[in-house]
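Undergrad: As input, take structure.cif (mmCIF, C-alpha atoms):
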data_run
loop_
_atom_site.group_PDB
_atom_site.id
_atom_site.type_symbol
_atom_site.label_atom_id
_atom_site.label_comp_id
_atom_site.auth_asym_id
_atom_site.auth_seq_id
_atom_site.Cartn_x
_atom_site.Cartn_y
_atom_site.Cartn_z
ATOM 1 C CA MET A 1 0.000 0.000 0.000
ATOM 2 C CA SER A 2 1.340 3.433 -0.875
ATOM 3 C CA ASP A 3 1.321 6.081 1.799
ATOM 4 C CA SER A 4 -0.129 9.476 0.957
ATOM 5 C CA SER A 5 0.174 10.844 4.480
ATOM 6 C CA ASP A 6 3.550 12.463 3.749
ATOM 7 C CA PHE A 7 2.090 14.327 0.788
ATOM 8 C CA ALA A 8 -0.521 17.102 0.916
ATOM 9 C CA PHE A 9 -2.735 18.494 -1.841
ATOM 10 C CA ASP A 10 -2.077 22.148 -2.682
ATOM 11 C CA ALA A 11 -4.747 24.671 -3.726
ATOM 12 C CA LEU A 12 -4.615 23.717 -7.410
ATOM 13 C CA ASP A 13 -4.771 19.990 -6.576
ATOM 14 C CA TRP A 14 -7.963 20.629 -4.580
ATOM 15 C CA LYS A 15 -9.545 22.560 -7.475
ATOM 16 C CA ILE A 16 -8.816 19.630 -9.806
ATOM 17 C CA VAL A 17 -10.139 17.158 -7.208
ATOM 18 C CA ASP A 18 -13.353 19.156 -6.726
ATOM 19 C CA LEU A 19 -14.066 19.109 -10.476
ATOM 20 C CA LEU A 20 -13.381 15.361 -10.587
ATOM 21 C CA LYS A 21 -15.636 14.707 -7.592
ATOM 22 C CA ALA A 22 -18.472 16.527 -9.363
ATOM 23 C CA ASN A 23 -17.790 14.659 -12.620
ATOM 24 C CA GLY A 24 -15.225 11.880 -12.707
ATOM 25 C CA ARG A 25 -15.423 11.815 -16.492
ATOM 26 C CA ILE A 26 -14.480 15.447 -17.118
ATOM 27 C CA SER A 27 -11.530 15.536 -19.560
ATOM 28 C CA ASN A 28 -8.120 16.904 -18.615
ATOM 29 C CA GLN A 29 -8.619 19.447 -21.407
ATOM 30 C CA GLU A 30 -11.826 20.751 -19.849
ATOM 31 C CA ILE A 31 -10.268 20.908 -16.367
ATOM 32 C CA ALA A 32 -7.341 22.851 -17.859
ATOM 33 C CA GLU A 33 -9.685 25.352 -19.538
ATOM 34 C CA ARG A 34 -11.822 25.836 -16.426
ATOM 35 C CA LEU A 35 -8.796 26.405 -14.172
ATOM 36 C CA ASN A 36 -6.720 28.284 -16.729
ATOM 37 C CA VAL A 37 -3.735 25.952 -16.525
ATOM 38 C CA THR A 38 -2.129 23.663 -19.098
ATOM 39 C CA ARG A 39 -3.509 20.221 -19.883
ATOM 40 C CA ALA A 40 -0.085 18.713 -19.164
ATOM 41 C CA SER A 41 -0.108 20.214 -15.690
ATOM 42 C CA VAL A 42 -3.589 18.745 -15.001
ATOM 43 C CA GLY A 43 -2.435 15.339 -16.245
ATOM 44 C CA SER A 44 0.734 15.303 -14.163
ATOM 45 C CA ARG A 45 -1.081 16.407 -11.000
ATOM 46 C CA ILE A 46 -3.772 13.730 -11.402
ATOM 47 C CA GLN A 47 -1.017 11.176 -11.985
ATOM 48 C CA ARG A 48 0.935 12.313 -8.907
ATOM 49 C CA MET A 49 -2.131 12.186 -6.621
ATOM 50 C CA THR A 50 -3.136 8.799 -8.018
ATOM 51 C CA ASP A 51 0.388 7.366 -7.684
ATOM 52 C CA ALA A 52 0.515 8.531 -4.055
ATOM 53 C CA GLY A 53 -2.688 6.557 -3.366
ATOM 54 C CA ALA A 54 -4.501 9.769 -2.422
ATOM 55 C CA LEU A 55 -6.927 9.921 -5.372
ATOM 56 C CA ARG A 56 -8.965 7.373 -7.279
ATOM 57 C CA ILE A 57 -11.352 8.253 -10.078
ATOM 58 C CA VAL A 58 -14.188 5.735 -9.991
ATOM 59 C CA ALA A 59 -17.421 4.757 -11.684
ATOM 60 C CA ALA A 60 -19.577 3.694 -8.753
ATOM 61 C CA ALA A 61 -22.650 1.578 -9.412
ATOM 62 C CA ASP A 62 -25.660 1.573 -7.122
ATOM 63 C CA PHE A 63 -26.194 -1.633 -5.113
ATOM 64 C CA GLY A 64 -29.412 -2.014 -7.096
ATOM 65 C CA ALA A 65 -27.598 -2.045 -10.441
ATOM 66 C CA TYR A 66 -26.173 -5.442 -9.497
ATOM 67 C CA ASP A 67 -29.388 -6.515 -7.748
ATOM 68 C CA TYR A 68 -27.792 -6.401 -4.310
ATOM 69 C CA SER A 69 -30.846 -6.135 -2.127
ATOM 70 C CA VAL A 70 -29.524 -7.119 1.306
ATOM 71 C CA LEU A 71 -26.879 -5.145 3.162
ATOM 72 C CA ILE A 72 -25.435 -6.617 6.361
ATOM 73 C CA VAL A 73 -23.135 -5.091 8.968
ATOM 74 C CA LEU A 74 -20.930 -7.545 10.872
ATOM 75 C CA ALA A 75 -19.053 -6.935 14.123
ATOM 76 C CA ILE A 76 -16.546 -9.750 14.589
ATOM 77 C CA LYS A 77 -14.662 -10.780 17.698
ATOM 78 C CA VAL A 78 -11.433 -12.669 17.140
ATOM 79 C CA SER A 79 -9.782 -15.027 19.568
ATOM 80 C CA GLY A 80 -6.424 -16.803 19.522
ATOM 81 C CA ARG A 81 -5.358 -15.339 16.182
ATOM 82 C CA ALA A 82 -4.167 -11.970 14.869
ATOM 83 C CA PRO A 83 -7.249 -9.961 13.800
ATOM 84 C CA GLN A 84 -5.372 -8.825 10.694
ATOM 85 C CA ALA A 85 -5.050 -12.417 9.447
ATOM 86 C CA VAL A 86 -8.791 -12.951 9.981
ATOM 87 C CA ALA A 87 -9.592 -9.626 8.273
ATOM 88 C CA GLU A 88 -7.508 -10.581 5.248
ATOM 89 C CA GLU A 89 -9.382 -13.878 4.864
ATOM 90 C CA LEU A 90 -12.688 -11.994 5.136
ATOM 91 C CA ALA A 91 -11.511 -9.483 2.519
ATOM 92 C CA ALA A 92 -10.978 -12.332 0.051
ATOM 93 C CA LEU A 93 -14.723 -13.089 0.052
ATOM 94 C CA PRO A 94 -16.323 -11.172 -2.841
ATOM 95 C CA ALA A 95 -19.599 -10.490 -1.006
ATOM 96 C CA ILE A 96 -17.698 -8.629 1.711
ATOM 97 C CA PHE A 97 -17.122 -5.176 0.256
ATOM 98 C CA ALA A 98 -15.542 -3.490 3.266
ATOM 99 C CA VAL A 99 -13.317 -4.790 6.068
ATOM 100 C CA HIS A 100 -11.730 -2.613 8.740
ATOM 101 C CA LEU A 101 -9.718 -3.408 11.866
ATOM 102 C CA VAL A 102 -11.142 -1.481 14.806
ATOM 103 C CA THR A 103 -10.674 -0.828 18.503
ATOM 104 C CA GLY A 104 -13.497 -1.422 20.958
ATOM 105 C CA THR A 105 -15.692 -4.355 21.880
ATOM 106 C CA HIS A 106 -14.917 -6.230 18.655
ATOM 107 C CA HIS A 107 -11.918 -6.438 16.335
ATOM 108 C CA VAL A 108 -13.296 -6.309 12.803
ATOM 109 C CA GLU A 109 -16.104 -4.358 11.099
ATOM 110 C CA ALA A 110 -17.282 -5.841 7.810
ATOM 111 C CA LEU A 111 -19.980 -4.818 5.344
ATOM 112 C CA VAL A 112 -21.641 -7.454 3.189
ATOM 113 C CA ALA A 113 -23.854 -7.043 0.112
ATOM 114 C CA VAL A 114 -25.848 -10.035 -1.135
ATOM 115 C CA HIS A 115 -28.682 -10.623 -3.555
ATOM 116 C CA ASP A 116 -30.934 -12.422 -1.054
ATOM 117 C CA PHE A 117 -30.935 -14.139 2.333
ATOM 118 C CA ALA A 118 -30.244 -17.556 0.788
ATOM 119 C CA GLU A 119 -26.929 -16.226 -0.499
ATOM 120 C CA LEU A 120 -26.146 -14.845 2.938
ATOM 121 C CA SER A 121 -26.573 -18.183 4.680
ATOM 122 C CA ASP A 122 -25.351 -20.533 1.929
ATOM 123 C CA ALA A 123 -22.347 -18.646 0.663
ATOM 124 C CA VAL A 124 -21.312 -15.893 3.023
ATOM 125 C CA MET A 125 -21.927 -17.236 6.526
ATOM 126 C CA ALA A 126 -20.717 -20.703 5.504
ATOM 127 C CA SER A 127 -17.426 -19.185 4.296
ATOM 128 C CA ILE A 128 -17.081 -16.992 7.377
ATOM 129 C CA ASN A 129 -17.638 -19.971 9.654
ATOM 130 C CA ARG A 130 -14.683 -21.761 8.054
ATOM 131 C CA ILE A 131 -12.249 -18.968 8.992
ATOM 132 C CA ALA A 132 -10.118 -19.856 12.026
ATOM 133 C CA GLY A 133 -10.041 -17.461 14.962
ATOM 134 C CA ILE A 134 -13.562 -16.024 14.751
ATOM 135 C CA ALA A 135 -15.041 -16.149 18.238
ATOM 136 C CA HIS A 136 -18.279 -14.255 17.663
ATOM 137 C CA VAL A 137 -20.132 -12.573 14.806
ATOM 138 C CA ASP A 138 -22.772 -9.956 15.566
ATOM 139 C CA VAL A 139 -25.060 -9.573 12.553
ATOM 140 C CA CYS A 140 -27.151 -6.481 11.866
ATOM 141 C CA ILE A 141 -29.407 -6.218 8.822
ATOM 142 C CA ALA A 142 -29.606 -2.808 7.191
ATOM 143 C CA THR A 143 -33.210 -1.733 6.749
ATOM 144 C CA ASP A 144 -32.623 1.746 5.347
ATOM 145 C CA VAL A 145 -29.657 3.758 4.171
ATOM 146 C CA VAL A 146 -30.425 7.269 5.467
ATOM 147 C CA PHE A 147 -27.400 8.812 3.758
ATOM 148 C CA TYR A 148 -24.248 7.384 2.246
ATOM 149 C CA ASN A 149 -21.209 9.430 1.296
ATOM 150 C CA PHE A 150 -18.303 7.441 -0.019
ATOM 151 C CA ASP A 151 -16.191 10.019 -1.830
ATOM 152 C CA VAL A 152 -13.713 10.176 1.033
ATOM 153 C CA GLY A 153 -12.033 6.833 1.356
ATOM 154 C CA ILE A 154 -8.944 4.968 2.339
ATOM 155 C CA ALA A 155 -5.477 5.098 0.847
ATOM 156 C CA ARG A 156 -4.465 2.434 -1.647
ATOM 157 C CA MET B 1 -33.083 -1.196 -2.661
ATOM 158 C CA ASN B 2 -35.604 -2.197 -5.271
ATOM 159 C CA ARG B 3 -34.919 -4.565 -8.123
ATOM 160 C CA ILE B 4 -33.909 -2.696 -11.197
ATOM 161 C CA ASP B 5 -33.989 -4.226 -14.626
ATOM 162 C CA LEU B 6 -30.718 -3.739 -16.416
ATOM 163 C CA ASP B 7 -29.778 -5.759 -19.466
ATOM 164 C CA GLU B 8 -26.452 -7.396 -20.340
ATOM 165 C CA THR B 9 -25.277 -4.336 -22.237
ATOM 166 C CA ASP B 10 -25.818 -2.053 -19.220
ATOM 167 C CA ARG B 11 -23.946 -4.491 -16.966
ATOM 168 C CA ALA B 12 -21.103 -4.886 -19.452
ATOM 169 C CA ILE B 13 -20.706 -1.094 -19.582
ATOM 170 C CA LEU B 14 -20.764 -0.874 -15.763
ATOM 171 C CA ASP B 15 -18.163 -3.645 -15.528
ATOM 172 C CA LEU B 16 -15.772 -1.924 -17.951
ATOM 173 C CA LEU B 17 -16.207 1.444 -16.228
ATOM 174 C CA GLY B 18 -15.673 -0.262 -12.874
ATOM 175 C CA GLU B 19 -12.224 -1.287 -14.086
ATOM 176 C CA ASP B 20 -11.422 2.119 -15.579
ATOM 177 C CA ALA B 21 -13.767 5.045 -14.980
ATOM 178 C CA ARG B 22 -11.920 7.191 -17.529
ATOM 179 C CA LEU B 23 -12.385 4.738 -20.421
ATOM 180 C CA SER B 24 -13.754 6.715 -23.390
ATOM 181 C CA ASN B 25 -17.157 5.988 -24.902
ATOM 182 C CA ARG B 26 -15.338 5.086 -28.101
ATOM 183 C CA ALA B 27 -13.127 2.520 -26.343
ATOM 184 C CA ILE B 28 -16.166 0.983 -24.593
ATOM 185 C CA ALA B 29 -18.034 0.838 -27.912
ATOM 186 C CA ARG B 30 -15.097 -0.917 -29.575
ATOM 187 C CA ARG B 31 -14.677 -3.477 -26.773
ATOM 188 C CA LEU B 32 -18.397 -4.318 -26.668
ATOM 189 C CA GLU B 33 -18.969 -4.010 -30.434
ATOM 190 C CA LEU B 34 -21.594 -1.313 -30.002
ATOM 191 C CA ALA B 35 -22.165 2.053 -31.638
ATOM 192 C CA GLU B 36 -20.587 4.937 -29.736
ATOM 193 C CA GLY B 37 -24.020 6.617 -29.586
ATOM 194 C CA THR B 38 -25.470 3.553 -27.845
ATOM 195 C CA VAL B 39 -22.761 3.684 -25.180
ATOM 196 C CA ARG B 40 -23.365 7.404 -24.674
ATOM 197 C CA THR B 41 -27.146 6.905 -24.358
ATOM 198 C CA ARG B 42 -26.772 3.995 -21.951
ATOM 199 C CA ILE B 43 -24.317 5.869 -19.707
ATOM 200 C CA LYS B 44 -26.609 8.884 -19.652
ATOM 201 C CA ARG B 45 -29.597 6.732 -18.747
ATOM 202 C CA LEU B 46 -27.681 4.949 -15.970
ATOM 203 C CA THR B 47 -26.445 8.231 -14.469
ATOM 204 C CA ASP B 48 -29.889 9.871 -14.785
ATOM 205 C CA ARG B 49 -31.422 6.932 -12.930
ATOM 206 C CA ARG B 50 -28.718 7.301 -10.247
ATOM 207 C CA LEU B 51 -27.431 3.812 -10.890
ATOM 208 C CA LEU B 52 -24.011 5.076 -11.936
ATOM 209 C CA ARG B 53 -21.934 7.965 -10.693
ATOM 210 C CA PHE B 54 -18.524 9.157 -11.777
ATOM 211 C CA THR B 55 -16.601 10.690 -8.944
ATOM 212 C CA ALA B 56 -13.202 10.947 -7.318
ATOM 213 C CA ILE B 57 -12.330 9.347 -4.016
ATOM 214 C CA THR B 58 -9.741 11.057 -1.871
ATOM 215 C CA ASP B 59 -7.703 9.672 0.999
ATOM 216 C CA HIS B 60 -9.406 10.864 4.187
ATOM 217 C CA ARG B 61 -6.081 12.028 5.630
ATOM 218 C CA GLN B 62 -5.972 14.759 2.957
ATOM 219 C CA HIS B 63 -9.097 16.240 4.536
ATOM 220 C CA GLY B 64 -7.514 17.001 7.889
ATOM 221 C CA ASN B 65 -9.802 14.604 9.751
ATOM 222 C CA PRO B 66 -7.667 11.522 10.040
ATOM 223 C CA GLU B 67 -9.766 9.489 12.471
ATOM 224 C CA PHE B 68 -12.230 7.099 10.897
ATOM 225 C CA ALA B 69 -14.780 5.487 13.233
ATOM 226 C CA PHE B 70 -17.969 3.439 13.329
ATOM 227 C CA LEU B 71 -20.558 4.512 15.904
ATOM 228 C CA ARG B 72 -23.164 1.900 16.793
ATOM 229 C CA ILE B 73 -26.206 3.543 18.302
ATOM 230 C CA ARG B 74 -28.919 1.840 20.309
ATOM 231 C CA ALA B 75 -31.989 4.027 20.061
ATOM 232 C CA ASP B 76 -35.644 4.114 20.900
ATOM 233 C CA MET B 77 -36.987 3.508 17.408
ATOM 234 C CA ARG B 78 -40.203 5.397 18.128
ATOM 235 C CA GLN B 79 -37.965 8.470 17.880
ATOM 236 C CA ALA B 80 -35.990 7.243 14.868
ATOM 237 C CA GLU B 81 -37.003 10.075 12.566
ATOM 238 C CA ALA B 82 -35.979 12.827 14.994
ATOM 239 C CA ILE B 83 -32.736 10.977 15.726
ATOM 240 C CA THR B 84 -31.730 10.656 12.059
ATOM 241 C CA GLU B 85 -32.561 14.334 11.543
ATOM 242 C CA ALA B 86 -30.286 15.188 14.488
ATOM 243 C CA LEU B 87 -27.496 12.995 13.055
ATOM 244 C CA ARG B 88 -27.648 14.934 9.761
ATOM 245 C CA ARG B 89 -26.463 18.010 11.628
ATOM 246 C CA TYR B 90 -23.030 16.440 12.262
ATOM 247 C CA PRO B 91 -20.858 16.978 9.178
ATOM 248 C CA GLN B 92 -18.437 14.390 10.605
ATOM 249 C CA LEU B 93 -20.991 11.630 9.985
ATOM 250 C CA ARG B 94 -20.648 10.496 6.370
ATOM 251 C CA THR B 95 -22.996 7.527 6.335
ATOM 252 C CA VAL B 96 -25.997 6.572 8.463
ATOM 253 C CA ILE B 97 -27.703 3.190 8.153
ATOM 254 C CA MET B 98 -30.746 1.955 10.048
ATOM 255 C CA MET B 99 -30.406 -1.655 11.172
ATOM 256 C CA LEU B 100 -32.161 -4.555 12.797
ATOM 257 C CA GLY B 101 -30.083 -6.158 15.506
ATOM 258 C CA ASN B 102 -28.285 -5.472 18.713
ATOM 259 C CA PHE B 103 -27.882 -1.825 17.683
ATOM 260 C CA ASN B 104 -30.364 0.023 15.469
ATOM 261 C CA ILE B 105 -28.246 2.714 13.840
ATOM 262 C CA LEU B 106 -24.773 2.624 12.340
ATOM 263 C CA ALA B 107 -23.075 5.978 11.771
ATOM 264 C CA VAL B 108 -19.748 6.055 9.956
ATOM 265 C CA GLY B 109 -17.708 9.212 10.367
ATOM 266 C CA LEU B 110 -14.454 11.025 9.851
ATOM 267 C CA PHE B 111 -13.156 13.013 12.796
ATOM 268 C CA ASP B 112 -10.392 15.503 13.626
ATOM 269 C CA SER B 113 -9.168 13.564 16.624
ATOM 270 C CA ARG B 114 -10.009 10.820 19.087
ATOM 271 C CA GLU B 115 -11.124 13.579 21.460
ATOM 272 C CA GLU B 116 -13.714 14.656 18.905
ATOM 273 C CA ILE B 117 -15.039 11.079 18.670
ATOM 274 C CA GLY B 118 -15.432 11.101 22.464
ATOM 275 C CA ALA B 119 -17.085 14.516 22.454
ATOM 276 C CA ILE B 120 -19.593 13.581 19.742
ATOM 277 C CA THR B 121 -20.375 10.275 21.468
ATOM 278 C CA SER B 122 -21.204 12.184 24.671
ATOM 279 C CA ASP B 123 -23.120 14.786 22.721
ATOM 280 C CA LEU B 124 -25.322 12.138 21.041
ATOM 281 C CA LEU B 125 -26.083 10.531 24.394
ATOM 282 C CA ASP B 126 -26.773 13.804 26.195
ATOM 283 C CA GLY B 127 -28.312 15.852 23.414
ATOM 284 C CA ILE B 128 -30.576 13.544 21.431
ATOM 285 C CA PRO B 129 -33.655 12.130 23.175
ATOM 286 C CA GLY B 130 -34.041 8.436 22.491
ATOM 287 C CA VAL B 131 -30.321 7.669 22.090
ATOM 288 C CA LEU B 132 -29.690 4.999 24.722
ATOM 289 C CA ASP B 133 -26.169 3.792 23.992
ATOM 290 C CA VAL B 134 -23.321 4.685 21.631
ATOM 291 C CA GLN B 135 -20.377 2.387 21.048
ATOM 292 C CA ALA B 136 -17.437 3.795 19.102
ATOM 293 C CA SER B 137 -15.067 1.564 17.148
ATOM 294 C CA ILE B 138 -12.062 3.458 15.825
ATOM 295 C CA VAL B 139 -10.553 2.142 12.612
ATOM 296 C CA THR B 140 -6.896 1.264 13.067
ATOM 297 C CA GLN B 141 -6.463 -0.219 9.596
ATOM 298 C CA SER B 142 -8.654 -0.495 6.523
ATOM 299 C CA ILE B 143 -8.144 -3.835 4.834
ATOM 300 C CA LYS B 144 -10.709 -3.579 2.039
ATOM 301 C CA TYR B 145 -13.155 -1.077 0.689
ATOM 302 C CA ASN B 146 -14.820 -1.661 -2.656
ATOM 303 C CA GLU B 147 -16.125 1.730 -3.722
ATOM 304 C CA ARG B 148 -17.353 0.362 -7.062
ATOM 305 C CA ILE B 149 -20.684 -0.365 -5.395
ATOM 306 C CA ALA B 150 -22.438 2.170 -3.220
ATOM 307 C CA LYS B 151 -25.802 3.620 -2.308
ATOM 308 C CA LEU B 152 -26.179 6.396 -4.879
#
Would you encode the structure as structure tokens?

TA:
Amino acid sequence: MSDSSDFAFDALDWKIVDLLKANGRISNQEIAERLNVTRASVGSRIQRMTDAGALRIVAAADFGAYDYSVLIVLAIKVSGRAPQAVAEELAALPAIFAVHLVTGTHHVEALVAVHDFAELSDAVMASINRIAGIAHVDVCIATDVVFYNFDVGIAR
Amino acid sequence: MNRIDLDETDRAILDLLGEDARLSNRAIARRLELAEGTVRTRIKRLTDRRLLRFTAITDHRQHGNPEFAFLRIRADMRQAEAITEALRRYPQLRTVIMMLGNFNILAVGLFDSREEIGAITSDLLDGIPGVLDVQASIVTQSIKYNERIAKL
């Protein structure tokens, strides 16, 4: 994983980022015209931010576009094994779209998206139950997403 | 999250854009053997229906609020509406999900400091009627986050 913490966006970087957040498909040419800088400068700044792991331009699809209709939040307690090793095994499961190591009453937070409850029990929970070191899984079913902002994320 | 009928062409376009959001309409058209106009129309329809969004994701540490935490809230659900309205007033909270389970609300936020997480936790408990318990889990390491799928 690259580390962007030793690198900070300057004012021009932020202006480029703001345009990209509003429209990830805006061309470098259009950004250059709007900000009155050269296209080469826009390209090199986007490249530098991307290489540092601080920026990713994405096409995000709604859960519904892939017919994901069930969203589950898992709080996992680990015992007798490093939580990181457990988290990495969880991350390998495609239905688990987010895995974070946390402090507090449990060790791992994981978010799961599945098409239906059959998939949750047959595929996801069966796979989770095979992972060594999981002492307890607290399962919460999302009933409503009140708001969801994902444009600030983690370094890559 | 209702079922939405997309055909194979829509999915194929979403899959290619998921790999590279900056792929041109012309390149998508060539790879899928479609007319460029078809690709343009499909992308427009998907974005208009809020099934697709092009954006840029930035490392949270660039925003000056380096602490990332999950707050699990146990609340009196008869007051759920007033509670979610109150949660909207905290710019630190980026995502709020209602749940069935041990806790009824999950709030995911970005914070200036651990002190701020503590202060907001106290504030929710003291200031919002119906909030019974708040448990904060501070992220020490993010292992995976697939931002290709989201609630748009």

Undergrad: Got a sec to pull out which chain A residues are within 8 Å of chain B, counting all atoms listed in the file, and send them as a ChimeraX atom specification?

TA: /A:4-5,8-9,17,20-25,53-70,87-88,91,97-106,138-155

Undergrad: Compare A:Asn28, A:Ser127, A:Thr38, A:Ser79 by their minimum atom-to-atom distance to A:Ala95, counting all atoms listed in the file, and give me the closest one.

TA: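 For A:Ala95, the nearest of the given residues is A:Ser127.
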
Undergrad: Determine the nearest neighbour of B:Asn65 from the options B:Gly37, B:Pro91, B:Pro129, B:Gly118, counting all atoms listed in the file.

TA: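 Smallest distance to B:Asn65 is found for B:Pro91.
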
Undergrad: For A:Ala135, which residue out of A:Ile31, A:Val73, A:Gly80, A:Val42 is the nearest one, using only C-alpha atoms?

TA: A:Gly80

Undergrad: Would you mind listing what lies within 10 Å of B:Leu124 as a JSON list (two decimals) with C-alpha atoms, keeping the file's coordinate frame, with only C-alpha atoms counted and same-chain residues fewer than 4 positions away left out?

TA:
[["chain", "number", "residue", "atom", "x", "y", "z"],
["B", 73, "ILE", "CA", -26.21, 3.54, 18.30],
["B", 83, "ILE", "CA", -32.74, 10.98, 15.73],
["B", 86, "ALA", "CA", -30.29, 15.19, 14.49],
["B", 87, "LEU", "CA", -27.50, 13.00, 13.06],
["B", 119, "ALA", "CA", -17.08, 14.52, 22.45],
["B", 120, "ILE", "CA", -19.59, 13.58, 19.74],
["B", 128, "ILE", "CA", -30.58, 13.54, 21.43],
["B", 129, "PRO", "CA", -33.66, 12.13, 23.18],
["B", 130, "GLY", "CA", -34.04, 8.44, 22.49],
["B", 131, "VAL", "CA", -30.32, 7.67, 22.09],
["B", 132, "LEU", "CA", -29.69, 5.00, 24.72],
["B", 133, "ASP", "CA", -26.17, 3.79, 23.99],
["B", 134, "VAL", "CA", -23.32, 4.68, 21.63]]

Undergrad: Using all atoms listed in the file, which of A:Leu71, A:Ile26, A:Phe7, A:Ala32 sits nearest A:Asp51?

TA: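 For A:Asp51, the nearest of the candidates is A:Phe7.
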
Undergrad: Between atom CA of A:Glu119 and atom CA of B:Met77, what is the spacing in Å?

TA: 28.5 Å

Undergrad: Please evaluate the PyMOL selection byres ((chain A and resi 121-126) around 10) against the displayed coordinates and give the resulting residues as a ChimeraX atom specification.

TA: /A:90,93-96,112-114,116-120,127-131,137

Undergrad: Using only the atoms of stretch 35-43 of chain B listed in the file, plus 4 Å on each side, state the axis-aligned box centre and edge lengths in Å rounded to one decimal, as lines of an AutoDock Vina configuration file.

TA:
center_x = -23.9
center_y = 4.7
center_z = -25.7
size_x = 14.6
size_y = 13.4
size_z = 19.9

Undergrad: Report, in Å to a single decimal, how far apart atom CA of A:Thr50 and atom CA of A:Leu19 are.

TA: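 Rounded to one decimal, the two atoms are 15.2 Å apart.
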
Undergrad: So how many Å separate atom CA of B:Tyr90 and atom CA of B:Arg74, to one decimal?

TA: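 It comes out at 17.7 Å.
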
Undergrad: I'd like the neighbourhood of B:Thr41 as a list in words, where a residue qualifies if any of its atoms comes within 12 Å (using all atoms listed in the file), though same-chain residues fewer than 3 positions away should be ignored.

TA: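 Surrounding residues, per the criterion: Thr9, Asp10, Ile13, Asn25, Ala29, Leu34, Ala35, Glu36, Gly37, Thr38, Lys44, Arg45, Leu46, Thr47 and Asp48 of chain B.
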